[in-house]
file structure38.csv (CSV, C-alpha atoms)
chain,number,residue,atom,x,y,z
A,1278,MET,CA,16.5,-8.7,5.3
A,1279,PRO,CA,18.5,-9.6,8.4
A,1280,THR,CA,18.4,-13.3,9.3
A,1281,GLU,CA,17.4,-12.6,12.9
A,1282,VAL,CA,14.4,-10.5,11.8
A,1283,ARG,CA,13.2,-13.1,9.4
A,1284,LYS,CA,13.6,-15.9,12.0
A,1285,LYS,CA,11.7,-14.0,14.7
A,1286,ALA,CA,8.9,-13.1,12.3
A,1287,ARG,CA,8.7,-16.7,11.1
A,1288,ASP,CA,8.5,-18.0,14.7
A,1289,LEU,CA,5.8,-15.4,15.7
A,1290,MET,CA,3.7,-16.1,12.6
A,1291,SER,CA,4.1,-19.8,12.5
A,1292,GLY,CA,1.0,-21.4,10.9
A,1293,PHE,CA,0.0,-18.1,9.3
A,1294,CYS,CA,3.0,-17.0,7.2
A,1295,LYS,CA,6.1,-19.0,6.3
A,1296,VAL,CA,8.1,-15.8,5.7
A,1297,CYS,CA,9.4,-17.4,2.5
A,1298,PRO,CA,12.7,-16.2,1.0
A,1299,VAL,CA,10.7,-15.0,-2.0
A,1300,CYS,CA,7.2,-13.7,-1.0
A,1301,ASP,CA,5.3,-14.7,-4.1
A,1302,GLY,CA,2.2,-16.3,-2.7
A,1303,ARG,CA,3.0,-19.9,-3.8
A,1304,ALA,CA,3.3,-21.4,-0.4
A,1305,CYS,CA,0.2,-19.6,1.0
A,1306,LYS,CA,-2.3,-19.7,-1.9
A,1307,GLY,CA,-5.9,-19.9,-0.8
A,1308,GLN,CA,-5.1,-19.1,2.8
A,1309,VAL,CA,-7.6,-16.3,3.5
A,1310,PRO,CA,-7.8,-15.6,6.5
A,1311,GLY,CA,-4.1,-15.8,6.5
A,1312,MET,CA,-1.5,-14.1,4.3
A,1313,GLY,CA,-2.2,-15.7,1.0
A,1314,GLY,CA,-4.1,-14.9,-2.1
A,1315,THR,CA,-7.7,-16.0,-2.6
A,1316,GLY,CA,-8.7,-19.2,-4.4
A,1317,THR,CA,-6.0,-20.4,-6.7
A,1318,GLY,CA,-3.7,-17.5,-5.8
A,1319,SER,CA,-3.8,-16.3,-9.4
A,1320,SER,CA,-4.3,-12.6,-8.6
A,1321,PHE,CA,-1.3,-12.7,-6.1
A,1322,PHE,CA,0.8,-14.4,-8.7
A,1323,ALA,CA,-0.3,-11.9,-11.4
A,1324,ASN,CA,1.0,-9.0,-9.3
A,1325,MET,CA,4.4,-10.6,-9.0
A,1326,GLU,CA,4.5,-11.7,-12.7
A,1327,SER,CA,3.4,-8.3,-14.1
A,1328,LEU,CA,6.3,-6.6,-12.3
A,1329,ALA,CA,8.8,-9.3,-13.2
A,1330,LYS,CA,8.2,-8.9,-16.9
A,1331,VAL,CA,9.0,-5.2,-16.8
A,1332,LYS,CA,12.6,-4.7,-17.9
A,1333,LEU,CA,14.7,-1.6,-17.3
A,1334,ASN,CA,16.8,0.4,-19.7
A,1335,MET,CA,20.3,0.8,-18.3
A,1336,ARG,CA,21.7,4.3,-19.0
A,1337,THR,CA,25.0,5.4,-17.6
A,1338,ILE,CA,26.1,8.3,-19.8
A,1339,HIS,CA,24.7,11.2,-17.7
A,1340,HIS,CA,25.5,13.5,-14.8
A,1341,ASN,CA,23.0,12.1,-12.2
A,1342,VAL,CA,25.4,10.9,-9.5
A,1343,ASN,CA,23.2,11.8,-6.5
A,1344,PRO,CA,19.6,11.2,-7.4
A,1345,ASP,CA,16.8,12.7,-5.3
A,1346,THR,CA,14.5,9.9,-4.1
A,1347,SER,CA,12.1,12.2,-2.3
A,1348,VAL,CA,8.5,12.9,-3.5
A,1349,GLU,CA,5.8,15.3,-2.4
A,1350,ILE,CA,2.4,13.7,-1.5
A,1351,PHE,CA,-0.5,15.8,-0.2
A,1352,GLY,CA,1.9,18.7,0.5
A,1353,GLN,CA,4.2,16.5,2.6
A,1354,LYS,CA,7.7,15.6,1.5
A,1355,LEU,CA,8.6,11.9,1.8
A,1356,SER,CA,12.1,10.6,1.7
A,1357,VAL,CA,11.1,7.9,-0.7
A,1358,PRO,CA,8.0,7.3,-2.8
A,1359,VAL,CA,6.9,4.4,-0.6
A,1360,MET,CA,4.3,4.0,2.2
A,1361,VAL,CA,3.2,1.0,4.2
A,1362,GLY,CA,-0.1,-0.3,2.8
A,1363,PRO,CA,-3.1,-0.6,5.0
A,1364,MET,CA,-3.1,-3.9,6.9
A,1365,THR,CA,-5.0,-5.2,10.0
A,1366,GLY,CA,-5.9,-8.6,11.3
A,1367,SER,CA,-2.9,-9.5,13.4
A,1368,THR,CA,-5.2,-11.8,15.4
A,1369,TYR,CA,-6.6,-13.9,12.4
A,1370,ASN,CA,-4.2,-13.2,9.5
A,1371,MET,CA,-0.8,-13.1,11.3
A,1372,GLY,CA,-1.3,-15.3,14.4
A,1373,GLY,CA,-1.9,-12.7,17.1
A,1374,LYS,CA,1.5,-13.0,18.8
A,1375,VAL,CA,1.9,-9.3,18.1
A,1376,SER,CA,-1.2,-7.3,19.2
A,1377,GLU,CA,-3.2,-5.1,16.9
A,1378,ASN,CA,-2.1,-2.1,18.9
A,1379,ASP,CA,1.6,-2.9,18.7
A,1380,PHE,CA,1.5,-3.7,15.0
A,1381,ALA,CA,-0.1,-0.4,14.3
A,1382,LYS,CA,2.5,1.4,16.4
A,1383,TYR,CA,5.4,-0.3,14.7
A,1384,VAL,CA,4.3,0.6,11.2
A,1385,VAL,CA,3.2,4.1,12.0
A,1386,GLU,CA,6.3,5.0,14.1
A,1387,GLY,CA,8.7,3.2,11.8
A,1388,SER,CA,7.3,5.0,8.8
A,1389,LEU,CA,7.5,8.4,10.4
A,1390,LYS,CA,11.1,7.8,11.5
A,1391,ALA,CA,11.8,7.0,7.8
A,1392,LYS,CA,10.1,10.3,6.8
A,1393,SER,CA,7.1,8.6,5.3
A,1394,PHE,CA,3.6,7.5,6.3
A,1395,ALA,CA,1.9,4.3,7.0
A,1396,MET,CA,-1.7,3.7,5.9
A,1397,THR,CA,-3.5,1.9,8.7
A,1398,GLY,CA,-6.5,-0.4,8.1
A,1399,ASP,CA,-9.9,-1.3,9.3
A,1400,GLY,CA,-11.4,-4.7,10.0
A,1401,ALA,CA,-14.2,-6.8,11.6
A,1402,ASP,CA,-13.0,-6.0,15.1
A,1403,PRO,CA,-13.5,-2.3,15.9
A,1404,THR,CA,-10.2,-2.2,17.8
A,1405,MET,CA,-8.4,-2.7,14.5
A,1406,TYR,CA,-9.4,0.7,13.1
A,1407,GLU,CA,-9.0,2.3,16.5
A,1408,SER,CA,-5.5,0.9,17.0
A,1409,GLY,CA,-4.4,2.7,13.8
A,1410,LEU,CA,-6.0,6.0,14.9
A,1411,GLU,CA,-4.3,5.7,18.3
A,1412,ALA,CA,-0.9,5.2,16.7
A,1413,ILE,CA,-1.5,8.1,14.3
A,1414,LYS,CA,-2.4,10.4,17.2
A,1415,GLU,CA,0.5,9.2,19.4
A,1416,PHE,CA,3.3,9.5,16.8
A,1417,GLY,CA,1.9,12.4,14.7
A,1418,GLY,CA,0.8,11.2,11.3
A,1419,GLY,CA,-0.6,8.5,9.1
A,1420,ILE,CA,-3.5,7.7,6.8
A,1421,PRO,CA,-6.4,5.5,7.9
A,1422,ILE,CA,-8.2,3.5,5.2
A,1423,ILE,CA,-11.8,2.4,6.0
A,1424,LYS,CA,-13.6,-0.7,4.7
A,1425,PRO,CA,-16.6,-0.1,2.4
A,1426,ARG,CA,-19.2,-0.2,5.2
A,1427,SER,CA,-22.5,1.7,5.1
A,1428,ASN,CA,-21.9,5.4,4.5
A,1429,GLU,CA,-23.2,6.2,7.9
A,1430,GLU,CA,-20.5,4.1,9.5
A,1431,ILE,CA,-17.8,5.4,7.2
A,1432,LEU,CA,-18.7,9.1,7.9
A,1433,LYS,CA,-18.3,8.4,11.6
A,1434,LYS,CA,-14.9,6.9,11.0
A,1435,ILE,CA,-13.8,9.8,8.8
A,1436,LYS,CA,-14.6,12.2,11.7
A,1437,GLN,CA,-12.5,10.0,14.0
A,1438,ALA,CA,-9.6,10.2,11.5
A,1439,GLU,CA,-9.9,14.0,11.5
A,1440,VAL,CA,-9.7,14.2,15.3
A,1441,ALA,CA,-6.7,11.9,15.3
A,1442,GLY,CA,-4.7,14.2,13.1
A,1443,ALA,CA,-4.7,12.0,10.0
A,1444,VAL,CA,-2.8,13.3,6.9
A,1445,ALA,CA,-5.5,11.9,4.6
A,1446,VAL,CA,-8.3,9.3,4.7
A,1447,GLY,CA,-9.7,6.8,2.3
A,1448,VAL,CA,-11.9,3.7,1.6
A,1449,ASP,CA,-10.6,0.5,0.2
A,1450,ILE,CA,-13.5,-0.3,-2.1
A,1451,ASP,CA,-11.7,-3.4,-3.2
A,1452,GLY,CA,-12.7,-4.8,0.2
A,1453,ALA,CA,-16.3,-5.1,-0.9
A,1454,GLY,CA,-16.4,-8.9,-0.8
A,1455,LEU,CA,-14.0,-9.7,2.0
A,1456,ILE,CA,-14.7,-13.1,3.5
A,1457,THR,CA,-13.2,-12.1,6.9
A,1458,MET,CA,-15.6,-9.2,7.3
A,1459,ALA,CA,-18.6,-11.3,6.4
A,1460,LEU,CA,-17.6,-14.1,8.8
A,1461,LYS,CA,-17.4,-11.5,11.6
A,1462,GLY,CA,-20.9,-10.0,10.9
A,1463,GLN,CA,-19.5,-6.8,9.4
A,1464,PRO,CA,-21.3,-6.0,6.1
A,1465,VAL,CA,-19.3,-4.4,3.3
A,1466,GLY,CA,-20.2,-3.9,-0.3
A,1467,PRO,CA,-19.8,-1.9,-3.5
A,1468,LYS,CA,-20.5,1.8,-3.6
A,1469,THR,CA,-22.3,4.0,-6.1
A,1470,LYS,CA,-20.8,7.2,-7.4
A,1471,GLU,CA,-23.3,9.2,-5.4
A,1472,GLU,CA,-22.3,7.4,-2.2
A,1473,LEU,CA,-18.6,8.0,-2.8
A,1474,LYS,CA,-19.2,11.6,-3.6
A,1475,GLU,CA,-20.9,12.1,-0.3
A,1476,LEU,CA,-17.9,10.7,1.5
A,1477,VAL,CA,-15.4,12.8,-0.5
A,1478,GLN,CA,-17.4,16.0,0.2
A,1479,SER,CA,-17.7,15.2,3.9
A,1480,THR,CA,-14.1,16.1,4.8
A,1481,ASP,CA,-11.4,18.5,4.0
A,1482,LEU,CA,-8.8,15.7,4.2
A,1483,PRO,CA,-7.5,14.4,0.9
A,1484,PHE,CA,-9.7,11.4,0.1
A,1485,ILE,CA,-8.3,8.2,-1.4
A,1486,LEU,CA,-10.1,5.5,-3.3
A,1487,LYS,CA,-8.1,2.2,-3.0
A,1488,GLY,CA,-8.9,-0.7,-5.3
A,1489,ILE,CA,-9.0,0.9,-8.8
A,1490,MET,CA,-8.3,-1.6,-11.6
A,1491,THR,CA,-9.9,-0.1,-14.6
A,1492,VAL,CA,-9.7,3.2,-16.6
A,1493,GLU,CA,-13.4,3.7,-16.2
A,1494,GLU,CA,-13.3,3.7,-12.4
A,1495,ALA,CA,-10.2,5.8,-12.3
A,1496,GLU,CA,-12.1,8.5,-14.3
A,1497,MET,CA,-15.1,8.1,-11.9
A,1498,ALA,CA,-12.7,8.8,-9.0
A,1499,VAL,CA,-11.6,12.0,-10.7
A,1500,GLU,CA,-15.2,13.0,-11.4
A,1501,ILE,CA,-16.3,12.7,-7.7
A,1502,GLY,CA,-13.3,14.7,-6.5
A,1503,ALA,CA,-11.1,12.1,-5.0
A,1504,LYS,CA,-7.5,13.4,-4.4
A,1505,ALA,CA,-5.9,10.0,-4.9
A,1506,ILE,CA,-6.5,6.4,-6.1
A,1507,VAL,CA,-4.7,3.2,-5.4
A,1508,VAL,CA,-4.3,0.9,-8.3
A,1509,SER,CA,-4.7,-2.4,-6.5
A,1510,ASN,CA,-6.3,-5.8,-6.5
A,1511,HIS,CA,-6.1,-6.0,-2.7
A,1512,GLY,CA,-3.0,-8.1,-2.8
A,1513,GLY,CA,-4.9,-10.8,-4.7
A,1514,ARG,CA,-7.0,-11.4,-1.6
A,1515,VAL,CA,-10.5,-10.7,-2.9
A,1516,LEU,CA,-11.1,-11.8,-6.5
A,1517,ASP,CA,-9.3,-14.7,-8.2
A,1518,PHE,CA,-8.0,-14.3,-11.8
A,1519,CYS,CA,-7.4,-10.5,-11.7
A,1520,PRO,CA,-4.6,-9.0,-13.8
A,1521,GLY,CA,-1.6,-7.7,-11.9
A,1522,ALA,CA,-1.6,-4.0,-10.8
A,1523,ALA,CA,1.4,-3.3,-13.1
A,1524,ASP,CA,-0.6,-4.6,-16.1
A,1525,VAL,CA,-3.4,-2.1,-15.7
A,1526,LEU,CA,-1.4,0.8,-14.3
A,1527,PRO,CA,-0.1,2.3,-17.6
A,1528,ALA,CA,-3.6,2.7,-19.2
A,1529,ILE,CA,-5.0,4.2,-16.0
A,1530,ALA,CA,-2.0,6.7,-15.7
A,1531,GLU,CA,-2.4,7.7,-19.4
A,1532,LYS,CA,-6.0,8.9,-18.6
A,1533,VAL,CA,-5.7,10.4,-15.1
A,1534,LYS,CA,-2.1,11.3,-14.4
A,1535,GLY,CA,-1.9,14.8,-13.1
A,1536,LYS,CA,-5.6,14.9,-12.3
A,1537,VAL,CA,-5.3,12.7,-9.2
A,1538,THR,CA,-2.4,11.3,-7.2
A,1539,ILE,CA,-1.8,7.7,-8.3
A,1540,PHE,CA,-0.6,5.1,-5.7
A,1541,ALA,CA,0.0,1.5,-6.8
A,1542,ASP,CA,0.6,-1.7,-4.9
A,1543,GLY,CA,0.9,-5.4,-5.5
A,1544,GLY,CA,4.0,-7.5,-5.5
A,1545,VAL,CA,6.4,-4.6,-4.8
A,1546,ARG,CA,9.5,-6.1,-3.0
A,1547,THR,CA,12.5,-4.0,-4.0
A,1548,GLY,CA,13.6,-0.5,-4.9
A,1549,MET,CA,13.7,-1.7,-8.5
A,1550,ASP,CA,10.0,-2.6,-8.2
A,1551,VAL,CA,9.4,0.9,-6.9
A,1552,LEU,CA,11.2,2.4,-9.9
A,1553,LYS,CA,9.1,0.2,-12.3
A,1554,MET,CA,5.8,1.3,-10.7
A,1555,LEU,CA,6.8,4.9,-11.0
A,1556,ALA,CA,7.9,4.4,-14.6
A,1557,LEU,CA,4.5,2.9,-15.4
A,1558,GLY,CA,2.7,5.9,-14.0
A,1559,ALA,CA,2.5,5.8,-10.2
A,1560,ASP,CA,3.3,8.8,-8.0
A,1561,CYS,CA,3.9,6.7,-4.9
A,1562,VAL,CA,4.0,3.0,-4.1
A,1563,LEU,CA,2.5,0.9,-1.3
A,1564,ILE,CA,4.2,-2.1,0.2
A,1565,GLY,CA,2.4,-4.6,2.4
A,1566,ARG,CA,3.6,-8.1,3.4
A,1567,PRO,CA,7.3,-7.3,3.6
A,1568,PHE,CA,6.5,-4.7,6.2
A,1569,VAL,CA,4.6,-7.2,8.2
A,1570,THR,CA,7.7,-9.4,8.4
A,1571,GLN,CA,9.7,-6.3,9.5
A,1572,ALA,CA,7.2,-5.3,12.1
A,1573,PHE,CA,7.0,-8.8,13.6
A,1574,GLY,CA,10.7,-9.4,13.5
A,1575,GLY,CA,12.1,-6.0,14.3
A,1576,GLY,CA,9.3,-3.7,15.5
A,1577,ALA,CA,9.4,0.0,14.5
A,1578,GLU,CA,13.2,-0.2,13.9
A,1579,GLY,CA,12.6,-3.1,11.5
A,1580,VAL,CA,10.1,-1.1,9.6
A,1581,GLU,CA,12.4,2.0,9.4
A,1582,ASN,CA,15.3,-0.2,8.3
A,1583,HIS,CA,13.2,-1.7,5.5
A,1584,TYR,CA,12.4,1.8,4.2
A,1585,ILE,CA,16.2,2.6,4.2
A,1586,ALA,CA,16.9,-0.6,2.3
A,1587,ILE,CA,14.3,0.2,-0.3
A,1588,ARG,CA,15.5,3.8,-0.6
A,1589,ASN,CA,19.1,2.6,-1.1
A,1590,GLN,CA,18.0,0.1,-3.8
A,1591,LEU,CA,15.9,2.8,-5.6
A,1592,PHE,CA,18.9,5.3,-5.4
A,1593,GLN,CA,21.2,2.8,-7.1
A,1594,ALA,CA,18.6,1.9,-9.7
A,1595,MET,CA,18.0,5.6,-10.5
A,1596,ILE,CA,21.8,6.1,-11.1
A,1597,LEU,CA,21.8,3.1,-13.4
A,1598,THR,CA,18.8,4.3,-15.4
A,1599,GLY,CA,19.8,8.0,-15.6
A,1600,CYS,CA,17.1,9.5,-13.3
A,1601,GLY,CA,18.1,12.5,-11.3
A,1602,SER,CA,14.9,12.7,-9.3
A,1603,THR,CA,11.7,10.8,-8.9
A,1604,ARG,CA,10.1,13.4,-11.2
A,1605,GLU,CA,12.3,12.2,-14.0
A,1606,ILE,CA,11.2,8.6,-13.8
A,1607,ASN,CA,9.0,7.9,-16.7
A,1608,GLY,CA,8.2,5.4,-19.5
A,1609,ALA,CA,11.7,5.9,-21.1
A,1610,VAL,CA,13.1,3.9,-18.2
A,1611,VAL,CA,11.2,0.8,-19.4
A,1612,TYR,CA,12.6,-1.5,-22.1
A,1613,LYS,CA,10.0,-2.0,-24.8

call {"tool": "encode", "arguments": {"input": "structure38.csv", "output": "structure tokens"}}
result
Amino acid sequence: MPTEVRKKARDLMSGFCKVCPVCDGRACKGQVPGMGGTGTGSSFFANMESLAKVKLNMRTIHHNVNPDTSVEIFGQKLSVPVMVGPMTGSTYNMGGKVSENDFAKYVVEGSLKAKSFAMTGDGADPTMYESGLEAIKEFGGGIPIIKPRSNEEILKKIKQAEVAGAVAVGVDIDGAGLITMALKGQPVGPKTKEELKELVQSTDLPFILKGIMTVEEAEMAVEIGAKAIVVSNHGGRVLDFCPGAADVLPAIAEKVKGKVTIFADGGVRTGMDVLKMLALGADCVLIGRPFVTQAFGGGAEGVENHYIAIRNQLFQAMILTGCGSTREINGAVVYK
């Protein structure tokens, strides 16, 4: 990451994010609102630790000199199996020196320039969801993710997403207990299968359920017709003492791979981490906090450049593990 981007981001987020050399949640544990993990920070740490313990098999006797890092998601070809994860709250999580509108524009525009998509978020202030929709409409693509509000409210927001030209839409059911939503008088909570089925059937857009951490709920997502799931503990921001996403991903993929598109997030920092998540069963990976730093420090160009850096790291890692395309990345890459 360029020094000037890091310095500008640190200055703009002073008091909210230290923009640490290693973004591992140690310096910001318990800071919610803010950029940290909830409580002891254990769930944030677990995301990092679960990926760190995955080791890769180096394989260099092969013909794959120019690996294909692209992937197809929802009928769209992405240059790299990475999207910006849904994030809002510039005002109370990131310091507010970059507006909600500008933050959404940076991640949406930068993602599209990199030939990928940003997921945009939802929050206690209605302008947070609307900022994402405006950016999606302006730049021509993105995926809004809605908090688990009442179904009546979610259905309204799905219709707004359709009008804005969203590629897909979803609900981050892992936001069911978010403190920040409660503090702002915006009720959120868990959903029944019946409620979720109503949401899935309300739209022709691919529907994503974000916040799946068990095989049972992954199978429920398939049953109700969801097109994708995100294996995620919400960046460690909602429930202390969760396992890391990479810990639970293999068992989930074993049951539902091929039946539903599998996204995964949590602690992904490098192209090697992307390779690991794909080898464990993901189809595509979401990255959150590092893109915040890039957006604050470098705007849309910073976001685009980070995609390029991740893509270059993945490309090199694929050469060194013998993978000619993202479709060839599987469990054989992982050292057991």

call {"tool": "residues_around", "arguments": {"input": "structure38.csv", "residues": "Gly1373 (chain A)", "least_positions_apart": "6", "cutoff": "10 Å", "atoms": "all atoms listed in the file", "output": "PyMOL selection string"}}
result
chain A and resi 1289-1290+1293+1366-1367+1380

call {"tool": "write_last_selection", "arguments": {"input": "structure38.csv", "atoms": "C-alpha atoms", "output": "PDB file, in the coordinates of the input"}}
result
ATOM      1  CA  LEU A1289       5.800 -15.400  15.700  1.00  0.00           C
ATOM      2  CA  MET A1290       3.700 -16.100  12.600  1.00  0.00           C
ATOM      3  CA  PHE A1293       0.000 -18.100   9.300  1.00  0.00           C
ATOM      4  CA  GLY A1366      -5.900  -8.600  11.300  1.00  0.00           C
ATOM      5  CA  SER A1367      -2.900  -9.500  13.400  1.00  0.00           C
ATOM      6  CA  PHE A1380       1.500  -3.700  15.000  1.00  0.00           C
TER       7      PHE A1380
END

call {"tool": "residues_around", "arguments": {"input": "structure38.csv", "residues": "region 1582-1590 of chain A", "least_positions_apart": "3", "cutoff": "8 Å", "atoms": "all atoms listed in the file", "output": "list of chain:residue names"}}
result
A:Met1278, A:Thr1346, A:Ser1356, A:Val1357, A:Val1359, A:Ser1388, A:Ala1391, A:Thr1547, A:Gly1548, A:Met1549, A:Phe1568, A:Gln1571, A:Glu1578, A:Gly1579, A:Gln1593, A:Ala1594

call {"tool": "write_last_selection", "arguments": {"input": "structure38.csv", "atoms": "C-alpha atoms", "output": "PDB file, in the frame of the given file"}}
result
ATOM      1  CA  MET A1278      16.500  -8.700   5.300  1.00  0.00           C
ATOM      2  CA  THR A1346      14.500   9.900  -4.100  1.00  0.00           C
ATOM      3  CA  SER A1356      12.100  10.600   1.700  1.00  0.00           C
ATOM      4  CA  VAL A1357      11.100   7.900  -0.700  1.00  0.00           C
ATOM      5  CA  VAL A1359       6.900   4.400  -0.600  1.00  0.00           C
ATOM      6  CA  SER A1388       7.300   5.000   8.800  1.00  0.00           C
ATOM      7  CA  ALA A1391      11.800   7.000   7.800  1.00  0.00           C
ATOM      8  CA  THR A1547      12.500  -4.000  -4.000  1.00  0.00           C
ATOM      9  CA  GLY A1548      13.600  -0.500  -4.900  1.00  0.00           C
ATOM     10  CA  MET A1549      13.700  -1.700  -8.500  1.00  0.00           C
ATOM     11  CA  PHE A1568       6.500  -4.700   6.200  1.00  0.00           C
ATOM     12  CA  GLN A1571       9.700  -6.300   9.500  1.00  0.00           C
ATOM     13  CA  GLU A1578      13.200  -0.200  13.900  1.00  0.00           C
ATOM     14  CA  GLY A1579      12.600  -3.100  11.500  1.00  0.00           C
ATOM     15  CA  GLN A1593      21.200   2.800  -7.100  1.00  0.00           C
ATOM     16  CA  ALA A1594      18.600   1.900  -9.700  1.00  0.00           C
TER      17      ALA A1594
END

call {"tool": "residues_around", "arguments": {"input": "structure38.csv", "residues": "Tyr1612 (chain A)", "least_positions_apart": "2", "cutoff": "10 Å", "atoms": "all atoms listed in the file", "output": "ChimeraX atom specification"}}
result
/A:1331-1335,1608-1610

call {"tool": "closest_residue", "arguments": {"input": "structure38.csv", "among": "A:Asp1301, A:Glu1439, A:Glu1493, A:Asp1449", "to": "Gly1543 (chain A)", "atoms": "only C-alpha atoms"}}
result
A:Asp1301

call {"tool": "closest_residue", "arguments": {"input": "structure38.csv", "among": "A:Ser1509, A:Thr1365, A:Thr1491, A:Gln1437", "to": "Ala1528 (chain A)", "atoms": "only C-alpha atoms"}}
result
A:Thr1491

call {"tool": "residues_around", "arguments": {"input": "structure38.csv", "residues": "Lys1534 (chain A)", "least_positions_apart": "3", "cutoff": "9 Å", "atoms": "all atoms listed in the file", "output": "ChimeraX atom specification"}}
result
/A:1529-1531,1537-1539,1558-1560

call {"tool": "residues_around", "arguments": {"input": "structure38.csv", "residues": "region 1486-1490 of chain A", "least_positions_apart": "2", "cutoff": "10 Å", "atoms": "all atoms listed in the file", "output": "ChimeraX atom specification"}}
result
/A:1363,1422-1424,1446-1453,1473,1477,1484,1492-1499,1503-1512,1519-1526,1528-1529,1539-1542
